[in-house]
Each structure stands twice: as structure tokens, then as C-alpha cells.
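Text of the file target28.txt, holding compact mmCIF, C-alpha atoms:
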```txt
# COMPACT_ATOMS: atom_id res chain seq x y z
CA MET M 1 9.90 -26.32 -40.25
CA MET M 2 9.79 -22.83 -38.75
CA ALA M 3 9.46 -20.04 -41.33
CA LYS M 4 12.46 -17.79 -41.70
CA ARG M 5 12.25 -14.31 -40.24
CA ASP M 6 12.54 -11.31 -42.49
CA TYR M 7 16.19 -10.35 -42.81
CA TYR M 8 15.45 -6.67 -42.15
CA GLU M 9 13.63 -7.68 -39.00
CA VAL M 10 16.57 -9.82 -37.91
CA LEU M 11 18.93 -6.85 -38.26
CA GLY M 12 16.40 -4.42 -36.81
CA VAL M 13 16.49 -1.96 -39.74
CA SER M 14 14.03 -0.64 -42.31
CA ARG M 15 14.03 -1.76 -45.94
CA GLY M 16 15.46 1.58 -46.97
CA ALA M 17 18.55 1.18 -44.75
CA THR M 18 21.87 2.19 -46.29
CA ALA M 19 24.94 -0.05 -46.40
CA GLU M 20 26.45 1.86 -43.48
CA GLU M 21 23.26 1.49 -41.43
CA LEU M 22 23.26 -2.25 -42.17
CA LYS M 23 26.85 -2.56 -41.01
CA LYS M 24 26.20 -0.59 -37.80
CA ALA M 25 23.13 -2.68 -37.03
CA TYR M 26 25.07 -5.91 -37.59
CA ARG M 27 27.96 -4.74 -35.48
CA ARG M 28 25.66 -3.79 -32.61
CA LYS M 29 23.78 -7.09 -32.64
CA ALA M 30 26.91 -9.20 -33.23
CA ARG M 31 28.34 -7.95 -29.95
CA LYS M 32 25.12 -8.68 -28.16
CA LEU M 33 24.47 -12.17 -29.59
CA HIS M 34 28.00 -13.55 -29.83
CA PRO M 35 28.01 -17.10 -28.32
CA ASP M 36 31.05 -16.33 -26.19
CA SER M 37 29.01 -13.69 -24.37
CA ASN M 38 25.86 -15.81 -24.06
CA GLY M 39 27.02 -19.07 -22.52
CA GLY M 40 23.75 -19.46 -20.66
CA ASN M 41 21.54 -18.94 -23.70
CA PRO M 42 21.03 -22.16 -25.73
CA ASP M 43 19.53 -20.17 -28.63
CA ALA M 44 22.44 -17.74 -28.89
CA GLU M 45 24.34 -19.70 -31.54
CA ALA M 46 21.25 -20.13 -33.75
CA GLN M 47 20.38 -16.44 -33.43
CA PHE M 48 23.95 -15.51 -34.23
CA LYS M 49 23.96 -17.63 -37.39
CA GLU M 50 20.63 -16.11 -38.41
CA LEU M 51 22.09 -12.63 -37.94
CA ASN M 52 25.14 -13.48 -40.08
CA GLU M 53 22.97 -14.98 -42.82
CA ALA M 54 20.82 -11.84 -42.93
CA TYR M 55 23.83 -9.51 -43.09
CA GLU M 56 25.66 -11.61 -45.68
CA THR M 57 22.65 -11.33 -47.95
CA LEU M 58 21.79 -7.66 -47.49
CA LYS M 59 25.34 -6.34 -47.71
CA ASP M 60 25.65 -7.67 -51.29
CA PRO M 61 23.79 -5.31 -53.71
CA GLU M 62 22.77 -8.12 -56.11
CA LYS M 63 21.59 -10.44 -53.35
CA LYS M 64 19.78 -7.56 -51.67
CA ALA M 65 17.96 -6.64 -54.89
CA ALA M 66 16.87 -10.25 -55.36
CA TYR M 67 15.75 -10.53 -51.74
CA ASP M 68 13.81 -7.27 -51.94
CA ARG M 69 11.94 -8.62 -55.00
CA PHE M 70 11.46 -12.29 -54.20
CA GLY M 71 12.14 -12.65 -50.48
CA HIS M 72 13.65 -15.94 -49.24
CA ALA M 73 12.48 -17.65 -52.42
CA ALA M 74 15.28 -15.91 -54.30
CA PHE M 75 17.76 -18.34 -52.72
CA GLU M 76 15.75 -21.54 -52.85
CA GLY M 77 16.09 -22.35 -56.55
CA GLY M 78 13.04 -20.25 -57.49
CA ALA M 79 12.61 -16.97 -59.33
CA GLY M 80 15.84 -15.44 -58.31
CA GLY M 81 18.02 -18.56 -58.79
CA GLY M 82 21.72 -18.46 -59.25
CA PHE M 83 22.61 -16.93 -55.86
CA GLY M 84 22.93 -20.16 -53.90
CA ARG M 85 21.34 -20.69 -50.53
CA GLY M 86 22.91 -17.71 -48.92
CA HIS M 87 23.70 -19.49 -45.64
CA ALA M 88 26.53 -17.17 -44.71
CA ASP M 89 29.47 -18.53 -42.85
CA PHE M 90 30.04 -16.39 -39.76
CA SER M 91 33.71 -15.83 -40.48
CA THR M 92 32.94 -14.25 -43.87
CA ALA M 93 30.42 -11.79 -42.50
CA PHE M 94 32.34 -11.09 -39.33
CA SER M 95 35.62 -10.35 -41.12
CA ASP M 96 33.77 -7.72 -43.16
CA VAL M 97 33.29 -5.61 -40.03
CA PHE M 98 36.46 -6.77 -38.29
CA ASP M 99 38.15 -3.42 -38.79
CA ASP M 100 35.18 -1.56 -37.31
CA LEU M 101 35.03 -3.78 -34.25
CA PHE M 102 38.75 -4.00 -33.50
CA GLY M 103 40.30 -1.31 -35.68
CA ASP M 104 41.65 0.76 -32.80
CA PHE M 105 43.23 -2.29 -31.19
CA MET M 106 44.77 -3.94 -34.25
CA GLY M 107 45.54 -0.78 -36.24
CA ARG M 108 42.65 0.74 -38.15
CA GLY M 109 42.15 -0.87 -41.54
CA GLY M 110 45.42 -2.84 -41.42
CA GLY M 111 47.13 0.16 -42.94
CA ARG M 112 50.57 -0.01 -44.45
CA GLN M 113 53.57 0.40 -42.24
CA ARG M 114 56.18 1.34 -44.77
CA ALA M 115 57.37 4.44 -42.93
CA VAL M 116 59.00 3.61 -39.60
CA ARG M 117 60.26 6.34 -37.28
CA GLY M 118 63.94 6.21 -36.39
CA SER M 119 65.09 5.42 -32.85
CA ASP M 120 65.84 8.12 -30.28
CA LEU M 121 69.45 8.45 -29.14
CA ARG M 122 70.99 9.43 -25.79
CA TYR M 123 74.29 11.26 -25.30
CA ASN M 124 75.84 11.89 -21.88
CA LEU M 125 77.69 15.24 -21.81
CA ARG M 126 79.97 16.26 -18.92
CA ILE M 127 80.76 19.97 -18.45
CA SER M 128 82.50 22.07 -15.80
CA LEU M 129 80.77 24.28 -13.25
CA GLU M 130 82.22 27.34 -14.99
CA GLU M 131 80.66 26.21 -18.27
CA ALA M 132 77.33 25.65 -16.51
CA PHE M 133 77.59 29.20 -15.12
CA GLN M 134 78.41 30.92 -18.40
CA GLY M 135 76.68 28.62 -20.88
CA THR M 136 78.77 27.07 -23.61
CA ARG M 137 78.79 25.53 -27.06
CA LYS M 138 80.06 21.98 -27.48
CA THR M 139 80.83 19.92 -30.55
CA ILE M 140 79.99 16.26 -30.01
CA SER M 141 80.44 13.15 -32.17
CA VAL M 142 77.40 10.87 -32.31
CA PRO M 143 77.51 7.42 -33.95
CA THR M 144 74.13 6.89 -35.59
CA ALA M 145 72.24 5.44 -38.55
CA VAL M 146 71.78 7.90 -41.42
CA LEU M 147 69.99 7.65 -44.76
CA CYS M 148 72.01 5.72 -47.31
CA GLU M 149 73.22 8.20 -49.91
CA THR M 150 73.54 5.53 -52.60
CA CYS M 151 69.85 4.54 -52.63
CA ASN M 152 68.50 7.65 -50.87
CA GLY M 153 66.98 5.49 -48.15
CA SER M 154 64.94 3.20 -50.42
CA GLY M 155 67.13 0.14 -49.81
CA ALA M 156 67.00 -0.76 -53.52
CA GLU M 157 69.90 -0.75 -55.98
CA GLY M 158 70.25 2.48 -57.96
CA GLY M 159 67.59 2.89 -60.65
CA THR M 160 65.16 0.41 -59.07
CA GLU M 161 62.33 0.79 -56.58
CA PRO M 162 61.01 -1.39 -53.76
CA GLN M 163 58.10 -3.55 -54.91
CA THR M 164 54.76 -4.23 -53.30
CA CYS M 165 54.93 -7.32 -51.12
CA PRO M 166 53.07 -10.16 -52.92
CA THR M 167 52.13 -11.89 -49.67
CA CYS M 168 50.18 -9.01 -48.09
CA ALA M 169 49.56 -6.90 -51.22
CA GLY M 170 51.33 -3.98 -49.55
CA MET M 171 49.17 -3.96 -46.41
CA GLY M 172 51.92 -5.10 -44.05
CA LYS M 173 49.54 -7.60 -42.42
CA VAL M 174 48.06 -10.95 -43.31
CA ARG M 175 44.82 -12.48 -42.06
CA ALA M 176 44.37 -16.04 -40.91
CA GLN M 177 41.13 -17.86 -40.12
CA GLN M 178 40.88 -19.43 -36.65
CA GLY M 179 37.45 -20.86 -36.06
CA PHE M 180 34.95 -18.03 -35.90
CA PHE M 181 37.66 -15.38 -35.84
CA THR M 182 39.88 -13.70 -38.39
CA VAL M 183 43.25 -12.86 -36.85
CA GLU M 184 45.67 -10.29 -38.25
CA ARG M 185 49.42 -10.81 -38.05
CA THR M 186 52.46 -8.91 -39.28
CA CYS M 187 53.39 -10.10 -42.76
CA PRO M 188 56.34 -12.53 -42.46
CA THR M 189 57.64 -11.69 -45.94
CA CYS M 190 58.07 -7.92 -45.55
CA SER M 191 58.04 -7.67 -41.73
CA GLY M 192 55.13 -5.26 -41.89
CA LEU M 193 56.71 -2.77 -44.30
CA GLY M 194 54.39 -3.58 -47.20
CA GLN M 195 57.33 -3.61 -49.60
CA ILE M 196 60.18 -5.93 -50.53
CA VAL M 197 63.52 -5.12 -52.13
CA LYS M 198 64.45 -7.57 -54.87
CA ASN M 199 67.76 -5.88 -55.72
CA PRO M 200 69.21 -4.66 -52.40
CA CYS M 201 71.53 -1.68 -52.37
CA THR M 202 75.12 -2.89 -51.97
CA SER M 203 76.02 0.06 -49.73
CA CYS M 204 73.38 -0.56 -47.06
CA ALA M 205 72.42 -4.21 -47.78
CA GLY M 206 68.84 -3.15 -48.44
CA THR M 207 68.24 -1.48 -45.06
CA GLY M 208 68.18 2.05 -46.47
CA ARG M 209 70.52 3.21 -43.68
CA THR M 210 74.26 3.23 -43.00
CA GLU M 211 76.25 3.75 -39.81
CA ARG M 212 78.12 7.01 -39.53
CA THR M 213 79.58 9.27 -36.86
CA ARG M 214 78.09 12.75 -37.06
CA SER M 215 79.49 15.93 -35.55
CA LEU M 216 76.91 18.21 -33.96
CA SER M 217 77.32 21.63 -32.38
CA ILE M 218 75.28 21.82 -29.16
CA ASN M 219 74.28 25.00 -27.38
CA ILE M 220 74.31 24.52 -23.58
CA PRO M 221 72.35 27.30 -21.83
CA ALA M 222 73.63 28.98 -18.66
CA GLY M 223 72.27 27.51 -15.44
CA VAL M 224 72.10 23.83 -16.44
CA GLU M 225 72.73 21.30 -13.69
CA THR M 226 73.24 17.57 -13.46
CA GLY M 227 70.14 15.82 -14.80
CA THR M 228 69.19 18.57 -17.27
CA LYS M 229 67.88 16.99 -20.50
CA ILE M 230 68.16 18.78 -23.84
CA ARG M 231 66.12 17.45 -26.80
CA LEU M 232 67.34 17.91 -30.36
CA ALA M 233 64.41 17.06 -32.60
CA GLY M 234 65.21 15.03 -35.70
CA GLU M 235 68.85 14.40 -34.76
CA GLY M 236 68.36 10.73 -33.83
CA GLU M 237 68.52 7.71 -36.11
CA ALA M 238 67.16 8.00 -39.64
CA GLY M 239 63.71 6.52 -40.28
CA VAL M 240 63.03 3.49 -42.45
CA ARG M 241 61.31 3.75 -45.85
CA GLY M 242 60.94 7.51 -45.61
CA GLY M 243 59.90 7.52 -41.95
CA PRO M 244 60.81 10.54 -39.81
CA PRO M 245 64.10 10.49 -37.87
CA GLY M 246 64.20 10.02 -34.12
CA ASP M 247 65.37 12.61 -31.61
CA LEU M 248 68.68 13.07 -29.79
CA TYR M 249 68.57 13.63 -26.04
CA ILE M 250 71.57 15.28 -24.35
CA PHE M 251 71.84 14.40 -20.63
CA VAL M 252 74.05 16.95 -18.87
CA GLU M 253 76.35 16.13 -15.96
CA VAL M 254 78.12 19.01 -14.19
CA GLY M 255 81.49 17.99 -12.73
CA GLU M 256 82.59 18.69 -9.16
CA HIS M 257 84.53 21.90 -8.51
CA ALA M 258 87.69 22.37 -6.47
CA LEU M 259 86.34 25.44 -4.63
CA PHE M 260 82.54 25.54 -4.86
CA GLN M 261 79.74 23.18 -3.97
CA ARG M 262 76.38 23.70 -5.65
CA ASP M 263 72.84 23.43 -4.33
CA GLY M 264 70.39 24.56 -7.00
CA THR M 265 71.27 28.16 -7.82
CA ASN M 266 73.27 28.66 -4.59
CA LEU M 267 77.00 28.10 -4.16
CA PHE M 268 78.94 27.25 -1.00
CA CYS M 269 82.62 27.90 -0.38
CA ARG M 270 84.58 26.95 2.76
CA ILE M 271 87.18 29.62 3.53
CA PRO M 272 90.08 29.01 5.99
CA VAL M 273 90.66 32.02 8.26
CA PRO M 274 93.77 32.60 10.42
CA MET M 275 93.10 32.42 14.14
CA THR M 276 94.29 35.99 14.60
CA THR M 277 91.92 37.34 11.92
CA ALA M 278 88.99 35.42 13.41
CA ALA M 279 89.90 36.80 16.85
CA ILE M 280 90.42 40.50 16.10
CA GLY M 281 88.49 40.75 12.80
CA GLY M 282 89.70 41.82 9.40
CA ASP M 283 89.11 41.73 5.67
CA ILE M 284 89.69 38.77 3.33
CA GLU M 285 89.29 38.23 -0.43
CA VAL M 286 87.21 35.30 -1.65
CA PRO M 287 86.83 33.92 -5.22
CA THR M 288 83.56 34.07 -7.14
CA ILE M 289 82.34 31.70 -9.87
CA ASP M 290 82.62 34.38 -12.57
CA GLY M 291 86.40 34.54 -11.97
CA GLY M 292 86.23 37.70 -9.89
CA ARG M 293 87.02 38.53 -6.26
CA ALA M 294 84.81 39.69 -3.43
CA ARG M 295 86.06 41.48 -0.30
CA VAL M 296 84.48 40.20 2.89
CA ARG M 297 84.78 41.67 6.40
CA ILE M 298 85.28 39.09 9.15
CA PRO M 299 83.74 40.21 12.46
CA ALA M 300 85.97 39.94 15.53
CA GLY M 301 85.40 36.78 17.52
CA SER M 302 84.15 34.70 14.54
CA GLN M 303 84.04 30.95 15.12
CA SER M 304 84.42 28.01 12.75
CA GLY M 305 81.20 27.20 10.91
CA ARG M 306 79.94 30.76 10.75
CA GLN M 307 78.24 31.46 7.40
CA MET M 308 78.14 34.74 5.52
CA ARG M 309 76.05 35.40 2.42
CA LEU M 310 77.05 37.21 -0.76
CA ARG M 311 73.84 38.09 -2.56
CA GLY M 312 73.61 37.44 -6.31
CA LYS M 313 77.00 35.68 -6.49
CA GLY M 314 75.57 32.21 -7.14
CA MET M 315 74.46 30.40 -10.32
CA PRO M 316 72.03 31.81 -12.90
CA ALA M 317 68.52 30.36 -13.02
CA LEU M 318 68.02 28.06 -16.02
CA ARG M 319 64.44 29.16 -16.53
CA GLY M 320 63.94 32.70 -15.39
CA SER M 321 66.13 35.63 -14.44
CA GLY M 322 68.46 36.49 -11.61
CA ARG M 323 71.14 34.54 -9.78
CA GLY M 324 71.36 32.61 -6.57
CA ASP M 325 73.58 33.52 -3.62
CA MET M 326 77.04 32.46 -2.51
CA TYR M 327 77.56 31.33 1.07
CA ILE M 328 80.95 31.51 2.76
CA GLU M 329 81.62 29.16 5.66
CA LEU M 330 84.50 30.16 7.93
CA ALA M 331 87.03 27.56 9.06
CA VAL M 332 89.22 29.05 11.78
CA GLU M 333 92.68 27.59 11.38
CA THR M 334 94.98 26.72 14.28
CA PRO M 335 98.56 27.75 13.51
CA VAL M 336 101.20 25.03 13.09
CA ASN M 337 105.03 24.89 12.94
CA LEU M 338 105.38 27.66 15.55
CA THR M 339 108.75 29.22 16.34
CA GLN M 340 109.99 29.46 19.91
CA ARG M 341 109.09 33.13 20.04
CA GLN M 342 105.55 32.45 18.77
CA LYS M 343 105.07 29.81 21.43
CA GLU M 344 106.18 32.22 24.12
CA LEU M 345 103.75 34.85 22.87
CA LEU M 346 100.88 32.38 22.85
CA LYS M 347 101.68 31.26 26.40
CA GLU M 348 101.71 34.87 27.48
CA PHE M 349 98.36 35.36 25.75
CA GLU M 350 96.96 32.22 27.44
CA ARG M 351 97.87 33.56 30.88
CA GLN M 352 95.99 36.75 30.17
CA ALA M 353 93.03 35.23 28.27
CA GLU M 354 91.03 34.06 31.22
CA ASN M 355 87.81 35.70 30.03
CA ASN M 356 88.37 35.51 26.26
CA SER M 357 86.96 32.01 25.67
CA PRO M 358 83.31 32.10 26.85
CA GLN M 359 82.34 28.81 25.23
CA SER M 360 85.30 27.01 26.75
CA ASN M 361 84.68 28.54 30.18
CA ASN M 362 81.00 27.61 30.02
CA PHE M 363 81.74 24.05 28.92
CA PHE M 364 84.29 23.32 31.63
CA SER M 365 82.03 24.90 34.22
CA ARG M 366 79.38 22.34 33.29
CA VAL M 367 82.01 19.57 33.36
CA LYS M 368 83.00 20.55 36.89
CA SER M 369 79.34 20.48 37.97
CA PHE M 370 78.99 17.01 36.45
CA TRP M 371 82.02 15.66 38.29
CA ASP M 372 80.85 17.22 41.57
CA SER M 373 77.43 15.59 41.20
CA MET M 374 79.05 12.22 40.60
CA LYS M 375 81.11 12.50 43.80
CA SER M 376 78.05 13.31 45.88
```

Please go through the file and, once you have read it, give me the structure as C-alpha cells.
Amino acid sequence: MMAKRDYYEVLGVSRGATAEELKKAYRRKARKLHPDSNGGNPDAEAQFKELNEAYETLKDPEKKAAYDRFGHAAFEGGAGGGFGRGHADFSTAFSDVFDDLFGDFMGRGGGRQRAVRGSDLRYNLRISLEEAFQGTRKTISVPTAVLCETCNGSGAEGGTEPQTCPTCAGMGKVRAQQGFFTVERTCPTCSGLGQIVKNPCTSCAGTGRTERTRSLSINIPAGVETGTKIRLAGEGEAGVRGGPPGDLYIFVEVGEHALFQRDGTNLFCRIPVPMTTAAIGGDIEVPTIDGGRARVRIPAGSQSGRQMRLRGKGMPALRGSGRGDMYIELAVETPVNLTQRQKELLKEFERQAENNSPQSNNFFSRVKSFWDSMKS
């Protein structure tokens, strides 16, 4: 029978190694020698068991003291008797460093999960373009879960307190052995909260929260546009077991306007202009988003589609200073419902307007050339 190797040699540490150094050494070698990672090495399983046996012995202060004094004989019914053989089961040793190996993945140390953050809420708010220009204050009603006033959020009947879950001892998780591995799962008794309520509050049925519609006053800054998101920290659903509340997100939608169309901070307004004004020029008054009026001079001979800019008459910038511009688009209007006299005047004008329609003359000149080319 092959002699057993020194346990310190197996772990690769000195005899003066601390408990933390022993654990680190075991963890490092356990990763390297695990049978699942050494399928091609027939000795991997034996080496892994040897490593677990060494760590199981040296991590226990009493077993370590006996081993330091008597060596392997301490566990073979000799001088150190009473400790057993010390053939450590892998699962026992491995579970001891389970948190170090997988703590970040499973939740370091299987900590309690009593406090649960409340859910975030969303509220869609529709405002007018004028309100988006000026900024406004709105009062909204939000149905949400709030802390139960009867039990102050504990979920337990008045005068009592939630008790530590007997299944998981308040850890919120339970461990189950599956072959070589120890697997953590959420405690089925307390659903991971670490506590149970034996006498539930009659107002909230033990949940610690009740449904209520809350009224909130919301400040909407000037310059918001559709898609703007406003976060109100702590105004969401109440947390569970003392957990922090969630947040409330206000999603703004700016309604369409009867006069203005918006593009960022710029506004566009289509203005109908009488044919006579477009022909000989003149002044017109146009509305502005602040409720005022702006006087605009129309140059003689203006055509439909012509744009004119009014600087600084647009929307305010949400983040920053200044305002956008307002663009006027002219729509030359053909008169309707003419009287007999008006018709006569227009016919007289038509007879004398041979050179007053350059675009029309140019177009029909090209039409005539097209027809002539088709004939030839």
C-alpha cells in the first residue's frame, strides 16, 4: 500500500499556513483537479479525493493539532484516536468554500433577502404645445402599492413581528446535495425573504402593502417634447420588508396644434395669402406660440411655398438657453365666389398680363417645343 502524502504537501502550503491560506490553496487546486475538468486524466479523481481529505483535516483546529503532533497515525486508532479516519467526503469540504467559488454568481454568502425594492411605475402624460412652450405644473393620480399603515409595512398583525423562517434560518436560501455539488435554491417557505408572518395583518393580508391612488404634483419644464422622460425617485411602488420604493417615470406626449407644427425647437406655420397681396406685396400679421403677433412684410411677386424665418420665435431649448426659429410658409390663395364685376376686372387684367407670369410663359414655351419636336 502506497504511503500517504503529507497533507501540507498535498495542499502546497507550509505548516504555518493560516486558515485563510489553507482555504485559498484548496480553492486553487480544487479548480485545477476537479474530475469534470480532467476527463483525460485517470488519476484526477484520486488526486481530488486526496486534496479533499487533506483540507477536511487541516481546516478543523482539533484535527489539525492532532495531525501536526502525530501525523497520519492520529486517525488510524493510534495516539490521537477519537477523530475517526478523516476520509473527507468531497461534498463536505467543497461546500465549505462554495461561497468563495461561486459567491458572485449565486449571491455572496447566501445573504438574506428580506428587503425587496419596489417596482418602478410608468405614467403617460399628454400636454399641449403651449404648455410645452411655457412649462407647466400638473397634478396626476397614480394607482400604486403603498406601505400598509396598520402594520407599518411589516405584514404582521399589530403588536407582533415577523419571525425568522425555520426552514432557512433567515438566510432566504436552502442548500441541497446533488452528487458532488451543493446547490442553493430560494427557500420555498419564505420565498427568499428570510422571514415568515404567523399572524398576517388583516389590512394587507400579510403583504405589508396596500393599493391606493396617490395624487402627485409634477413640474413639467419648458421645452419638453414627445418622448421626454422625467424620473421621480422614490415615487414608485413601496418596497417589501423595509426595502426602498421604486421610481415613477413620466413619459411626456405633446399633442398636435391647430396652427403650428414642431421640429425640435423650430416651429412651422402655413399662412394663406390673398393673390393680390402676393402679387403687389404687403404686410400681414401672423400668430406666435407665446400668444403674440408678428408683422411680416410679403415681397411683391411671392409664390406659394416661399418660406420666411422669424428668428427666436420657436420653442425654448429643454437643456440650454435660447429659442428656436419660426418658419412661415406662404400659400397663395386663388379667389372664389367672384362677382360679375370681379370677373370682368380679372379678364381685363389677363389681357394685359402677357409678361407678368414668367413661370407660366417659360413652361408653355417648353411645351410648344415638345409638341413641335413630336411632329417632326

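The nearest approach to Thr210 in chain M among the residues M:Thr144, M:Gln340, M:Gln163, M:Ser191, with all atoms listed in the file taken into account, belongs to M:Thr144.
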
Q: For CA of Pro42 in chain M and CA of Val183 in chain M, determine how far apart the two atoms are, in Å to one decimal place.
A: 26.5 Å

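Between Ala233 in chain M and the residues M:Asp120, M:Glu20, M:Asp68, M:Glu211, the shortest atom-to-atom distance, using all atoms listed in the file, involves M:Asp120.
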
Q.
Excluding Arg117 in chain M and its own-chain neighbours fewer than 2 positions away, which residues fall within 8 Å of it when counting all atoms listed in the file? Please give them as JSON, numbers by chain.
A. {"M": [115, 119, 238, 239, 240, 243, 244, 245, 246]}

**Q.** Residue contacts of Leu51 in chain M (12 Å, only C-alpha atoms) excluding same-chain residues fewer than 6 positions away, as a ChimeraX atom specification
**A.** /M:4-12,22-23,25-34,44-45,57-58,87-90,93-94

Q. Closest to Glu235 in chain M among M:Lys24, M:Arg69, M:Lys198, M:Arg122, using all atoms listed in the file?
A. M:Arg122

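As for CA of Thr334 in chain M and CA of Phe260 in chain M, they are spaced 22.9 Å apart.
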
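For range 261-266 of chain M, the residues within 10 Å (counting all atoms listed in the file, excluding itself and residues fewer than 4 positions away along the chain) are Leu129, Phe133, Gly223, Val224, Glu225, Thr226, Val254, Glu256, His257, Arg270, Arg311, Gly312, Lys313, Gly314, Met315, Pro316, Ala317, Leu318, Gly322, Arg323, Gly324, Asp325, Met326 and Tyr327 of chain M.
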
Q. Which neighbours of Ala278 in chain M fall inside 7 Å, counting all atoms listed in the file, when residues of the same chain fewer than 2 positions from it are skipped, and could you give them as a PyMOL selection string?
A. chain M and resi 273-276+280-281+298+300-303+332

Q.
Report as a list in words all protein, DNA and RNA residues lying within 8 Å of Leu125 in chain M, evaluated on only C-alpha atoms, omitting residues in the same chain fewer than 4 positions from it.
A. Ile250, Phe251, Val252 and Glu253 of chain M

Q: Quote the spacing between CA of Ala169 in chain M and CA of Gln195 in chain M in Å to one decimal place.
A: 8.6 Å

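Nearest residue to Glu131 in chain M among M:Ala222, M:Cys165, M:Ala279, M:Ala65 is M:Ala222, counting only C-alpha atoms.
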
Enclose the full set of atoms of range 10-27 of chain M listed in the file within a box whose edges lie along x, y and z, apply 3 Å of padding to each of the six sides, and report centre and edge lengths in Å to one decimal as AutoDock Vina command-line options.
```
--center_x 21.0 --center_y -3.8 --center_z -41.2 --size_x 19.9 --size_y 18.0 --size_z 17.5
```
